[in-house]
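**Student:** Provided herewith: work.tsv, TSV, C-alpha atoms.
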chain	number	residue	atom	x	y	z
A	1	MET	CA	-149.76	241.03	-24.15
A	2	ASN	CA	-146.37	241.81	-22.60
A	3	ASN	CA	-143.63	242.94	-24.96
A	4	ILE	CA	-141.18	240.34	-26.20
A	5	GLU	CA	-138.47	241.33	-23.70
A	6	ALA	CA	-140.79	240.39	-20.81
A	7	VAL	CA	-141.48	236.88	-22.11
A	8	GLU	CA	-139.79	234.09	-20.16
A	9	THR	CA	-138.78	230.98	-22.11
A	10	VAL	CA	-139.03	227.44	-20.74
A	11	ASP	CA	-139.49	223.94	-22.11
A	12	VAL	CA	-142.61	223.12	-20.10
A	13	VAL	CA	-145.28	225.13	-18.29
A	14	VAL	CA	-147.44	223.31	-15.73
A	15	ILE	CA	-150.72	225.08	-14.93
A	16	GLY	CA	-152.06	224.08	-11.53
A	17	ALA	CA	-150.44	222.74	-8.36
A	18	GLY	CA	-152.98	220.24	-7.13
A	19	GLN	CA	-152.34	216.50	-7.20
A	20	ALA	CA	-152.06	216.40	-11.00
A	21	GLY	CA	-149.74	219.40	-11.29
A	22	LEU	CA	-147.43	218.35	-8.47
A	23	SER	CA	-147.22	214.80	-9.82
A	24	SER	CA	-146.26	216.19	-13.22
A	25	ALA	CA	-143.68	218.55	-11.70
A	26	TYR	CA	-142.16	215.68	-9.70
A	27	HIS	CA	-141.69	213.56	-12.82
A	28	LEU	CA	-140.23	216.52	-14.73
A	29	ARG	CA	-137.73	217.08	-11.90
A	30	ARG	CA	-136.95	213.38	-11.63
A	31	THR	CA	-136.14	213.08	-15.33
A	32	GLY	CA	-133.72	216.00	-15.43
A	33	PHE	CA	-135.80	219.15	-15.93
A	34	GLU	CA	-134.74	221.99	-13.65
A	35	PRO	CA	-137.41	224.22	-12.09
A	36	ALA	CA	-137.26	227.88	-13.22
A	37	ARG	CA	-134.75	227.01	-15.95
A	38	ASP	CA	-136.59	224.24	-17.84
A	39	PHE	CA	-140.08	224.32	-16.40
A	40	VAL	CA	-142.36	226.43	-14.25
A	41	VAL	CA	-145.44	225.55	-12.18
A	42	LEU	CA	-148.09	228.27	-12.06
A	43	ASP	CA	-150.86	228.12	-9.46
A	44	HIS	CA	-153.65	230.61	-8.89
A	45	SER	CA	-154.42	229.51	-5.32
A	46	PRO	CA	-153.15	231.56	-2.36
A	47	GLY	CA	-151.20	228.64	-0.90
A	48	PRO	CA	-150.35	224.96	-1.31
A	49	GLY	CA	-153.09	222.34	-1.20
A	50	GLY	CA	-154.83	222.53	-4.55
A	51	ALA	CA	-158.62	222.39	-4.24
A	52	TRP	CA	-158.28	220.62	-0.89
A	53	GLN	CA	-157.46	223.90	0.88
A	54	PHE	CA	-161.00	225.10	0.13
A	55	ARG	CA	-162.86	222.04	1.47
A	56	TRP	CA	-165.34	222.51	4.31
A	57	PRO	CA	-164.01	222.06	7.88
A	58	SER	CA	-166.28	219.07	8.68
A	59	LEU	CA	-164.61	217.04	5.92
A	60	THR	CA	-161.97	215.56	8.19
A	61	TYR	CA	-159.10	213.52	6.83
A	62	GLY	CA	-160.71	210.34	8.14
A	63	LYS	CA	-163.74	210.93	5.90
A	64	VAL	CA	-161.71	211.34	2.71
A	65	HIS	CA	-162.11	208.42	0.30
A	66	GLY	CA	-159.34	207.32	-2.02
A	67	MET	CA	-156.70	209.96	-1.25
A	68	HIS	CA	-153.47	208.55	-2.68
A	69	SER	CA	-150.06	209.92	-1.75
A	70	LEU	CA	-148.11	211.94	-4.26
A	71	PRO	CA	-145.25	210.11	-6.01
A	72	GLY	CA	-142.03	209.88	-4.06
A	73	MET	CA	-143.39	210.85	-0.62
A	74	GLU	CA	-146.05	209.09	1.44
A	75	LEU	CA	-148.61	210.93	3.55
A	76	THR	CA	-148.22	209.16	6.87
A	77	ASP	CA	-149.47	209.52	10.46
A	78	ALA	CA	-152.14	212.09	9.57
A	79	ASP	CA	-154.70	212.69	12.31
A	80	PRO	CA	-158.05	211.45	10.92
A	81	ALA	CA	-159.91	213.98	13.11
A	82	ARG	CA	-158.20	217.02	11.56
A	83	PRO	CA	-159.81	218.89	8.64
A	84	SER	CA	-158.61	217.46	5.33
A	85	SER	CA	-157.97	221.04	4.16
A	86	GLU	CA	-155.26	221.40	6.81
A	87	VAL	CA	-153.75	217.93	6.51
A	88	ILE	CA	-153.42	217.95	2.74
A	89	ALA	CA	-152.35	221.60	2.46
A	90	GLU	CA	-149.49	220.90	4.88
A	91	TYR	CA	-148.57	217.72	2.99
A	92	PHE	CA	-148.52	219.51	-0.37
A	93	ASP	CA	-146.45	222.34	1.13
A	94	THR	CA	-143.87	219.88	2.47
A	95	TYR	CA	-143.87	218.09	-0.88
A	96	GLU	CA	-143.21	221.28	-2.85
A	97	GLN	CA	-140.30	222.16	-0.56
A	98	THR	CA	-138.84	218.64	-0.43
A	99	PHE	CA	-138.59	218.40	-4.22
A	100	ASP	CA	-137.82	222.10	-4.74
A	101	LEU	CA	-140.67	222.58	-7.21
A	102	ARG	CA	-140.70	226.40	-6.82
A	103	VAL	CA	-144.40	226.87	-7.50
A	104	ARG	CA	-145.26	230.42	-8.56
A	105	ARG	CA	-148.40	231.73	-6.84
A	106	PRO	CA	-150.81	233.36	-6.91
A	107	VAL	CA	-150.71	233.46	-10.72
A	108	ASP	CA	-153.87	233.60	-12.84
A	109	VAL	CA	-153.50	232.11	-16.32
A	110	ARG	CA	-155.60	234.18	-18.69
A	111	ALA	CA	-154.96	232.55	-22.07
A	112	VAL	CA	-152.76	230.08	-23.92
A	113	ARG	CA	-152.28	230.87	-27.58
A	114	GLU	CA	-150.01	230.11	-30.51
A	115	GLY	CA	-146.65	231.87	-30.34
A	116	PRO	CA	-143.58	232.23	-32.55
A	117	ASP	CA	-141.20	229.40	-33.48
A	118	GLY	CA	-143.69	226.67	-32.68
A	119	ARG	CA	-144.00	227.69	-29.04
A	120	LEU	CA	-147.11	228.32	-26.99
A	121	LEU	CA	-147.56	231.63	-25.21
A	122	VAL	CA	-149.00	231.37	-21.69
A	123	GLU	CA	-150.38	234.78	-20.73
A	124	THR	CA	-150.81	235.35	-17.00
A	125	SER	CA	-151.23	237.96	-14.29
A	126	ALA	CA	-147.48	237.61	-13.61
A	127	GLY	CA	-146.23	237.89	-17.19
A	128	THR	CA	-145.95	235.67	-20.25
A	129	TRP	CA	-144.13	232.38	-20.71
A	130	ALA	CA	-143.16	230.93	-24.09
A	131	THR	CA	-143.10	227.15	-23.84
A	132	ARG	CA	-142.51	224.14	-26.05
A	133	ALA	CA	-145.04	222.01	-24.13
A	134	LEU	CA	-147.89	222.56	-21.71
A	135	ILE	CA	-149.31	220.41	-18.91
A	136	ASN	CA	-152.77	221.64	-18.01
A	137	ALA	CA	-153.65	220.46	-14.49
A	138	THR	CA	-156.37	222.95	-13.57
A	139	GLY	CA	-158.95	220.48	-12.29
A	140	THR	CA	-162.59	221.48	-11.78
A	141	TRP	CA	-162.98	223.21	-8.40
A	142	ASP	CA	-163.13	226.72	-9.86
A	143	ARG	CA	-166.03	225.90	-12.15
A	144	PRO	CA	-168.96	224.69	-10.02
A	145	PHE	CA	-171.94	223.64	-12.10
A	146	VAL	CA	-175.48	224.72	-11.20
A	147	PRO	CA	-178.20	223.61	-13.64
A	148	ARG	CA	-180.92	226.02	-14.68
A	149	TYR	CA	-184.51	225.43	-13.60
A	150	PRO	CA	-187.59	227.62	-14.03
A	151	GLY	CA	-188.24	229.94	-11.11
A	152	GLN	CA	-184.66	229.86	-9.84
A	153	GLU	CA	-184.48	233.64	-9.62
A	154	THR	CA	-187.77	233.83	-7.64
A	155	PHE	CA	-186.67	231.59	-4.74
A	156	ARG	CA	-186.50	233.74	-1.60
A	157	GLY	CA	-184.25	231.43	0.38
A	158	ARG	CA	-180.55	230.76	0.05
A	159	GLN	CA	-178.98	228.86	-2.84
A	160	LEU	CA	-175.43	227.60	-2.64
A	161	HIS	CA	-173.19	225.02	-4.29
A	162	THR	CA	-170.96	222.36	-2.73
A	163	ALA	CA	-168.03	224.72	-3.42
A	164	GLN	CA	-169.52	227.14	-0.83
A	165	TYR	CA	-170.64	224.49	1.66
A	166	PRO	CA	-169.83	225.88	5.13
A	167	GLY	CA	-170.48	222.76	7.21
A	168	PRO	CA	-173.63	221.36	8.81
A	169	GLN	CA	-174.12	223.86	11.64
A	170	ALA	CA	-175.04	226.59	9.14
A	171	PHE	CA	-178.26	224.68	8.35
A	172	ALA	CA	-179.54	224.39	11.92
A	173	GLY	CA	-183.32	224.72	12.02
A	174	ARG	CA	-183.58	225.16	8.25
A	175	ARG	CA	-185.55	223.21	5.68
A	176	VAL	CA	-182.95	222.06	3.17
A	177	VAL	CA	-183.30	220.57	-0.31
A	178	VAL	CA	-180.10	218.82	-1.44
A	179	VAL	CA	-179.83	218.35	-5.21
A	180	GLY	CA	-177.40	215.75	-6.56
A	181	GLY	CA	-176.78	212.02	-6.46
A	182	GLY	CA	-173.00	211.94	-6.06
A	183	ALA	CA	-170.73	211.45	-3.07
A	184	SER	CA	-170.94	215.11	-2.01
A	185	GLY	CA	-174.74	215.11	-2.01
A	186	THR	CA	-174.97	212.05	0.24
A	187	GLN	CA	-172.24	213.35	2.57
A	188	HIS	CA	-173.99	216.71	2.90
A	189	LEU	CA	-177.34	215.06	3.67
A	190	LEU	CA	-175.90	212.78	6.32
A	191	GLU	CA	-174.17	215.74	8.00
A	192	ILE	CA	-177.03	218.23	7.73
A	193	ALA	CA	-179.94	215.98	8.76
A	194	PRO	CA	-179.23	216.01	12.54
A	195	HIS	CA	-179.19	219.84	12.52
A	196	ALA	CA	-181.84	220.78	9.97
A	197	ALA	CA	-185.57	221.12	10.54
A	198	ALA	CA	-186.12	218.91	7.47
A	199	THR	CA	-184.15	217.59	4.50
A	200	THR	CA	-185.27	216.54	1.03
A	201	TRP	CA	-183.03	214.72	-1.42
A	202	VAL	CA	-183.65	215.04	-5.16
A	203	THR	CA	-181.64	213.59	-8.04
A	204	ARG	CA	-182.08	213.38	-11.81
A	205	ARG	CA	-181.46	209.64	-11.84
A	206	PRO	CA	-182.04	207.04	-9.13
A	207	PRO	CA	-178.81	206.64	-7.14
A	208	VAL	CA	-176.88	203.41	-7.57
A	209	PHE	CA	-175.23	202.07	-4.43
A	210	ARG	CA	-172.26	199.76	-4.85
A	211	GLU	CA	-171.95	196.69	-2.66
A	212	GLY	CA	-168.58	195.14	-1.99
A	213	PRO	CA	-165.04	196.48	-2.23
A	214	PHE	CA	-163.83	198.86	-4.91
A	215	THR	CA	-161.49	196.41	-6.61
A	216	GLU	CA	-158.86	197.17	-9.20
A	217	ASP	CA	-161.01	195.54	-11.85
A	218	VAL	CA	-163.99	197.75	-10.97
A	219	GLY	CA	-161.75	200.81	-11.06
A	220	ARG	CA	-160.23	199.91	-14.40
A	221	ALA	CA	-163.66	199.30	-15.95
A	222	ALA	CA	-164.94	202.66	-14.66
A	223	VAL	CA	-161.91	204.57	-15.91
A	224	ALA	CA	-162.20	202.88	-19.31
A	225	LEU	CA	-165.74	204.21	-19.70
A	226	VAL	CA	-164.68	207.76	-18.80
A	227	GLU	CA	-161.66	207.42	-21.11
A	228	GLU	CA	-163.90	206.45	-24.02
A	229	ARG	CA	-165.84	209.72	-23.64
A	230	VAL	CA	-162.76	211.94	-23.80
A	231	ARG	CA	-161.41	209.88	-26.69
A	232	GLN	CA	-164.59	210.84	-28.54
A	233	GLY	CA	-164.22	214.52	-27.64
A	234	LEU	CA	-167.16	214.50	-25.21
A	235	PRO	CA	-167.05	216.32	-21.86
A	236	PRO	CA	-165.80	213.91	-19.21
A	237	LYS	CA	-168.11	212.47	-16.58
A	238	SER	CA	-166.98	211.75	-13.05
A	239	VAL	CA	-165.72	208.28	-12.22
A	240	VAL	CA	-168.35	208.00	-9.44
A	241	SER	CA	-171.10	208.45	-12.04
A	242	VAL	CA	-169.89	205.16	-13.48
A	243	THR	CA	-168.96	203.27	-10.30
A	244	GLY	CA	-171.92	204.16	-8.11
A	245	LEU	CA	-171.86	205.16	-4.44
A	246	PRO	CA	-170.15	202.97	-1.85
A	247	LEU	CA	-172.63	201.38	0.53
A	248	ASN	CA	-170.82	201.98	3.83
A	249	ASP	CA	-172.20	201.95	7.38
A	250	ALA	CA	-173.11	205.65	7.35
A	251	VAL	CA	-175.02	205.30	4.08
A	252	ARG	CA	-176.83	202.20	5.34
A	253	GLN	CA	-177.90	204.12	8.44
A	254	GLY	CA	-179.01	207.05	6.30
A	255	LEU	CA	-181.14	204.73	4.17
A	256	ALA	CA	-182.65	203.09	7.28
A	257	ASP	CA	-183.43	206.47	8.87
A	258	GLY	CA	-185.05	207.82	5.71
A	259	VAL	CA	-182.46	210.59	5.30
A	260	LEU	CA	-181.45	209.11	1.95
A	261	ASP	CA	-185.03	208.79	0.72
A	262	ARG	CA	-184.54	210.05	-2.82
A	263	ARG	CA	-187.17	211.91	-4.80
A	264	PRO	CA	-187.06	212.56	-8.56
A	265	MET	CA	-185.97	215.95	-9.84
A	266	PHE	CA	-188.46	218.78	-9.31
A	267	GLU	CA	-189.74	220.76	-12.27
A	268	ARG	CA	-189.38	224.30	-10.94
A	269	LEU	CA	-188.44	226.47	-7.97
A	270	THR	CA	-191.07	228.61	-6.30
A	271	PRO	CA	-190.53	231.60	-3.99
A	272	ASP	CA	-190.98	229.25	-1.02
A	273	GLY	CA	-189.44	225.98	-2.22
A	274	VAL	CA	-189.68	223.50	-5.07
A	275	GLU	CA	-192.53	221.99	-7.09
A	276	TRP	CA	-192.91	218.79	-9.11
A	277	SER	CA	-194.86	218.36	-12.35
A	278	ASP	CA	-197.76	216.68	-10.52
A	279	GLY	CA	-198.22	219.73	-8.31
A	280	GLN	CA	-196.50	218.36	-5.19
A	281	ARG	CA	-194.48	220.95	-3.31
A	282	VAL	CA	-191.83	221.08	-0.62
A	283	GLU	CA	-191.16	224.28	1.28
A	284	ALA	CA	-187.49	225.12	1.72
A	285	ASP	CA	-185.19	227.74	3.22
A	286	VAL	CA	-182.06	226.48	1.43
A	287	ILE	CA	-181.30	224.77	-1.87
A	288	LEU	CA	-177.89	223.07	-1.78
A	289	TRP	CA	-176.70	222.23	-5.30
A	290	ALA	CA	-174.38	219.20	-5.04
A	291	THR	CA	-174.34	219.08	-8.82
A	292	GLY	CA	-170.66	218.72	-9.57
A	293	PHE	CA	-168.08	220.70	-11.46
A	294	ARG	CA	-166.85	221.20	-15.00
A	295	ALA	CA	-163.27	221.18	-16.29
A	296	VAL	CA	-161.44	224.52	-16.05
A	297	ILE	CA	-160.20	224.83	-19.63
A	298	ASP	CA	-161.50	228.18	-20.92
A	299	HIS	CA	-157.96	229.61	-20.97
A	300	LEU	CA	-157.16	227.05	-23.70
A	301	ALA	CA	-159.89	228.43	-25.98
A	302	PRO	CA	-157.47	230.30	-28.33
A	303	LEU	CA	-155.97	226.92	-29.31
A	304	HIS	CA	-159.36	225.65	-30.60
A	305	LEU	CA	-158.98	222.23	-29.00
A	306	ARG	CA	-162.66	221.59	-28.32
A	307	GLU	CA	-164.52	219.07	-30.42
A	308	PRO	CA	-168.13	219.50	-31.64
A	309	GLY	CA	-169.19	217.33	-28.66
A	310	GLY	CA	-167.98	220.03	-26.26
A	311	GLY	CA	-164.90	218.33	-24.81
A	312	ILE	CA	-161.24	218.04	-25.76
A	313	ARG	CA	-160.37	214.78	-27.50
A	314	VAL	CA	-157.56	213.17	-25.54
A	315	GLU	CA	-155.41	210.10	-26.18
A	316	GLY	CA	-153.76	209.18	-22.91
A	317	THR	CA	-153.09	212.71	-21.65
A	318	ARG	CA	-152.28	214.28	-25.04
A	319	ALA	CA	-154.73	216.61	-26.77
A	320	VAL	CA	-155.26	215.00	-30.18
A	321	ALA	CA	-155.53	218.41	-31.85
A	322	ASP	CA	-152.18	219.62	-30.45
A	323	PRO	CA	-149.49	217.19	-29.24
A	324	ARG	CA	-147.78	219.98	-27.27
A	325	VAL	CA	-150.74	220.11	-24.87
A	326	HIS	CA	-151.34	217.49	-22.18
A	327	LEU	CA	-154.35	217.41	-19.85
A	328	VAL	CA	-153.58	215.76	-16.53
A	329	GLY	CA	-156.36	215.32	-14.00
A	330	TYR	CA	-158.90	215.53	-16.83
A	331	GLY	CA	-161.45	212.79	-17.43
A	332	PRO	CA	-160.03	209.36	-16.57
A	333	SER	CA	-157.08	210.86	-14.65
A	334	ALA	CA	-159.28	213.00	-12.37
A	335	SER	CA	-158.78	210.69	-9.35
A	336	THR	CA	-155.72	211.15	-7.16
A	337	ILE	CA	-154.15	207.85	-8.21
A	338	GLY	CA	-155.09	208.58	-11.84
A	339	ALA	CA	-153.41	211.97	-11.63
A	340	ASN	CA	-150.19	210.39	-10.38
A	341	ARG	CA	-150.05	207.96	-13.29
A	342	ALA	CA	-151.07	210.59	-15.81
A	343	GLY	CA	-148.35	212.97	-14.64
A	344	ARG	CA	-145.73	210.32	-15.32
A	345	ALA	CA	-147.23	209.48	-18.72
A	346	ALA	CA	-147.43	213.13	-19.76
A	347	VAL	CA	-143.79	213.76	-18.91
A	348	ARG	CA	-142.72	210.67	-20.81
A	349	ASP	CA	-144.57	211.87	-23.93
A	350	ILE	CA	-143.25	215.41	-23.57
A	351	ARG	CA	-139.66	214.20	-23.32
A	352	ARG	CA	-140.20	212.30	-26.55
A	353	LEU	CA	-141.79	215.34	-28.21
A	354	LEU	CA	-138.97	217.69	-27.20
A	355	ALA	CA	-136.31	215.25	-28.35
A	356	GLU	CA	-137.94	214.91	-31.77
A	357	GLU	CA	-138.97	218.51	-32.34
A	358	PRO	CA	-136.26	221.01	-31.42
A	359	VAL	CA	-137.38	224.62	-31.65
A	360	ALA	CA	-135.73	226.73	-34.32
A	361	ALA	CA	-133.18	229.23	-33.02
Show me, as structure tokens, the structure contained in the file I just sent.
**Tutor:**
Amino acid sequence: MNNIEAVETVDVVVIGAGQAGLSSAYHLRRTGFEPARDFVVLDHSPGPGGAWQFRWPSLTYGKVHGMHSLPGMELTDADPARPSSEVIAEYFDTYEQTFDLRVRRPVDVRAVREGPDGRLLVETSAGTWATRALINATGTWDRPFVPRYPGQETFRGRQLHTAQYPGPQAFAGRRVVVVGGGASGTQHLLEIAPHAAATTWVTRRPPVFREGPFTEDVGRAAVALVEERVRQGLPPKSVVSVTGLPLNDAVRQGLADGVLDRRPMFERLTPDGVEWSDGQRVEADVILWATGFRAVIDHLAPLHLREPGGGIRVEGTRAVADPRVHLVGYGPSASTIGANRAGRAAVRDIRRLLAEEPVAA
């Protein structure tokens, strides 16, 4: 740890500058907190854009579902044909400058632990901050999840996760197995199928396709189910796992063409492909794991916030085990609109906390 002279003191540290972190920083600024003096935003990415800057080029802005503008500044007149990574990175960059958020990057947060005088110590690659409150907005992109299956290490082809997806052209002439029943899995299949020699779709559970519009009532019901998990201290599930997949024109065509002909999960990988318990096999050159992500919260481990169920128990955005810690973009607030609302709620609670609990001199 740095010596005490090197520690910077602030009221609030925000970790992460994606949608959740920028929303939180905006509400801090709006309610009187000054950047650098009262709060600091730390981001490990090379530039603005949060996880969006790492999205594959074929994910154009027009294909993005449910991208809500950040508070205080609309994203308008974006070209739907441009890569979402470019559109949203530019938007976030403009946003940071417009509201003078002074994001520090690239900064890797290594650990958050108990410090003196009731403060938390945030240890990073750029020094240590002592803070009265913490907003953790680290998302999930940096922790792709790949399940373990027998024979995985024997497969002679290529294995990659959605986080490394390079776009459909890379699969030209290849036999591809796509694993995962979420939005990414279906998008990958629909893109890859025209280029690949063959595609096979496998999921643990039969996919559920949602007819009709995604109404506010549907959204609220889905978020409530995710919220109940984090309230119990269980790891959050994605909102799409509750809502199902939207049945749009592209998905309907994929179902009609047989591209979205789902098979149950295989039992093992072989050197040449995958095999089911009944002995059926599919030969493959590539396994694409569209199996989701997990929350990036290991740096919080010294605070012992995890419950026996494996998650952090959260009420609203506040960690039940430590009211100084707020998780924004975690569980029910993982959507872009959810992150906006959660950022506002976290700042409101933190203002109340700081007013009630002054730190000893």
**Student:** Extract, using all atoms listed in the file, all DNA, RNA and protein residues at most 8 Å from Gln152 in chain A, discarding same-chain residues fewer than 6 positions from it, and format them as a ChimeraX atom specification.
**Tutor:** /A:268-270
**Student:** Mind pulling up the distance from CA of Gly180 in chain A to CA of Gln159 in chain A?
**Tutor:**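 Separation between CA of Gln159 in chain A and CA of Gly180 in chain A: 13.7 Å.
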**Student:** Taking 2 positions as the minimum chain separation for residues in the same chain, which residues sit within 10 Å of Arg341 in chain A when counting all atoms listed in the file? Answer as number ranges by chain.
**Tutor:** A: 20, 23-24, 71, 328-329, 333, 335-339, 343-346
**Student:** I need the chosen residues saved as a PDB file, in the coordinates of the input, with C-alpha atoms.
**Tutor:**
ATOM      1  CA  ALA A  20    -152.060 216.400 -11.000  1.00  0.00           C
ATOM      2  CA  SER A  23    -147.220 214.800  -9.820  1.00  0.00           C
ATOM      3  CA  SER A  24    -146.260 216.190 -13.220  1.00  0.00           C
ATOM      4  CA  PRO A  71    -145.250 210.110  -6.010  1.00  0.00           C
ATOM      5  CA  VAL A 328    -153.580 215.760 -16.530  1.00  0.00           C
ATOM      6  CA  GLY A 329    -156.360 215.320 -14.000  1.00  0.00           C
ATOM      7  CA  SER A 333    -157.080 210.860 -14.650  1.00  0.00           C
ATOM      8  CA  SER A 335    -158.780 210.690  -9.350  1.00  0.00           C
ATOM      9  CA  THR A 336    -155.720 211.150  -7.160  1.00  0.00           C
ATOM     10  CA  ILE A 337    -154.150 207.850  -8.210  1.00  0.00           C
ATOM     11  CA  GLY A 338    -155.090 208.580 -11.840  1.00  0.00           C
ATOM     12  CA  ALA A 339    -153.410 211.970 -11.630  1.00  0.00           C
ATOM     13  CA  GLY A 343    -148.350 212.970 -14.640  1.00  0.00           C
ATOM     14  CA  ARG A 344    -145.730 210.320 -15.320  1.00  0.00           C
ATOM     15  CA  ALA A 345    -147.230 209.480 -18.720  1.00  0.00           C
ATOM     16  CA  ALA A 346    -147.430 213.130 -19.760  1.00  0.00           C
TER      17      ALA A 346
END
**Student:** Name the residues in contact with range 132-139 of chain A at a cut-off of 8 Å, using all atoms listed in the file, excluding same-chain residues fewer than 6 positions from it; report them as a ChimeraX atom specification.
**Tutor:** /A:10-18,20-21,24,118-120,295-297,324-330,334,346,350,354,359
**Student:** Just the residues within 6 Å of range 88-91 of chain A, please, counting all atoms listed in the file, with nothing from its chain fewer than 4 positions along; format it as a list in words.
**Tutor:**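 Everything that qualifies: Pro48, Gly49, Gln53 and Ser84 of chain A.
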**Student:** Residues at most 12 Å from Leu305 in chain A, counting all atoms listed in the file, excluding those fewer than 6 positions away in the same chain, as a VMD selection string?
**Tutor:** chain A and resid 112 to 113 233 to 234 297 to 299 311 to 314 318 to 327
**Student:** Rounded to one decimal in Å, what is the spacing between CA of Leu245 in chain A and CA of Leu260 in chain A?
**Tutor:**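 Pair CA of Leu245 in chain A / CA of Leu260 in chain A returns 12.2 Å.
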**Student:** Can you tell me how far CA of Arg174 in chain A sits from CA of Phe293 in chain A, in Å to one decimal?
**Tutor:** 25.5 Å
**Student:** Write out as a Markdown table a residue-level contact list of range 164-212 of chain A versus range 142-146 of chain A with cut-off 12 Å: for each qualifying residue the closest pair of atoms and the distance in Å to one decimal, counting all atoms listed in the file, rows sorted by chain and residue number upward.
**Tutor:**
| residue | atom | partner | partner_atom | distance |
| --- | --- | --- | --- | --- |
| A:Gln164 | CA | A:Pro144 | CA | 9.5 |
| A:Tyr165 | CA | A:Pro144 | CA | 11.8 |
| A:Val179 | CA | A:Val146 | CA | 9.8 |
| A:Gly180 | CA | A:Val146 | CA | 10.3 |
**Student:** For each of A:Val176, A:Ala355, A:Phe209, A:Leu300, take the minimum atom-to-atom distance to Val282 in chain A, counting only C-alpha atoms, then give the residue where this is smallest.
**Tutor:**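 Closest residue, counting only C-alpha atoms: A:Val176.
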**Student:** How big is the axis-aligned box around the listed atoms of range 276-281 of chain A once 3 Å is added on each side, and where is its centre? Give both in Å to one decimal, as AutoDock Vina command-line options.
**Tutor:**
--center_x -195.6 --center_y 218.8 --center_z -7.8 --size_x 11.3 --size_y 10.3 --size_z 15.0
**Student:** Using all atoms listed in the file, which of the listed residues (A:Arg148, A:Arg252, A:Arg263, A:Arg110) sits closest to Ala301 in chain A?
**Tutor:**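 Selected residue with least distance to Ala301 in chain A: A:Arg110.
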**Student:** Name the closest residue to Pro147 in chain A among the candidates A:Val109, A:Leu288, A:Val230, A:Val41; distances are taken between atoms, counting only C-alpha atoms.
**Tutor:** A:Leu288
**Student:** Looking at only C-alpha atoms, which of A:Pro46, A:Pro235, A:Pro207, A:Pro80 is the one that sits closest to Gly181 in chain A?
**Tutor:**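 Going through A:Pro46, A:Pro235, A:Pro207, A:Pro80 one by one, the smallest distance to Gly181 in chain A is for A:Pro207.
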**Student:** Each residue of range 32-131 of chain A lying at most 10 Å from range 186-199 of chain A should get a row with its shortest atom-to-atom pair and the distance in Å to one decimal, counting only C-alpha atoms; could you produce that, ordered by chain and increasing number, as JSON lines?
**Tutor:**
{"residue": "A:Ser58", "atom": "CA", "partner": "A:Glu191", "partner_atom": "CA", "distance": 8.6}
{"residue": "A:Leu59", "atom": "CA", "partner": "A:Gln187", "partner_atom": "CA", "distance": 9.1}
{"residue": "A:Lys63", "atom": "CA", "partner": "A:Gln187", "partner_atom": "CA", "distance": 9.4}
**Student:** Starting from the sparse input, extend range 136-144 of chain A to N, CA, C and O atoms and give the output as a compact mmCIF listing (two decimals), in the frame of the given file.
**Tutor:**
# COMPACT_ATOMS: atom_id res chain seq x y z
N ASN A 136 -151.64 220.96 -18.62
CA ASN A 136 -152.77 221.64 -18.01
C ASN A 136 -153.33 220.76 -16.89
O ASN A 136 -153.81 219.65 -17.14
N ALA A 137 -153.23 221.23 -15.66
CA ALA A 137 -153.65 220.46 -14.49
C ALA A 137 -154.55 221.32 -13.61
O ALA A 137 -154.36 221.42 -12.40
N THR A 138 -155.54 221.95 -14.25
CA THR A 138 -156.37 222.95 -13.57
C THR A 138 -157.59 222.38 -12.87
O THR A 138 -158.28 223.11 -12.16
N GLY A 139 -157.87 221.10 -13.04
CA GLY A 139 -158.95 220.48 -12.29
C GLY A 139 -160.32 221.06 -12.60
O GLY A 139 -160.58 221.53 -13.71
N THR A 140 -161.20 221.06 -11.58
CA THR A 140 -162.59 221.48 -11.78
C THR A 140 -163.12 222.40 -10.70
O THR A 140 -164.18 222.99 -10.87
N TRP A 141 -162.42 222.54 -9.58
CA TRP A 141 -162.98 223.21 -8.40
C TRP A 141 -163.46 224.63 -8.70
O TRP A 141 -164.43 225.11 -8.11
N ASP A 142 -162.79 225.32 -9.59
CA ASP A 142 -163.13 226.72 -9.86
C ASP A 142 -164.28 226.88 -10.84
O ASP A 142 -164.61 228.01 -11.22
N ARG A 143 -164.89 225.78 -11.23
CA ARG A 143 -166.03 225.90 -12.15
C ARG A 143 -167.20 225.04 -11.66
O ARG A 143 -167.58 224.06 -12.27
N PRO A 144 -167.79 225.43 -10.52
CA PRO A 144 -168.96 224.69 -10.02
C PRO A 144 -170.11 224.79 -11.00
O PRO A 144 -170.33 225.84 -11.63
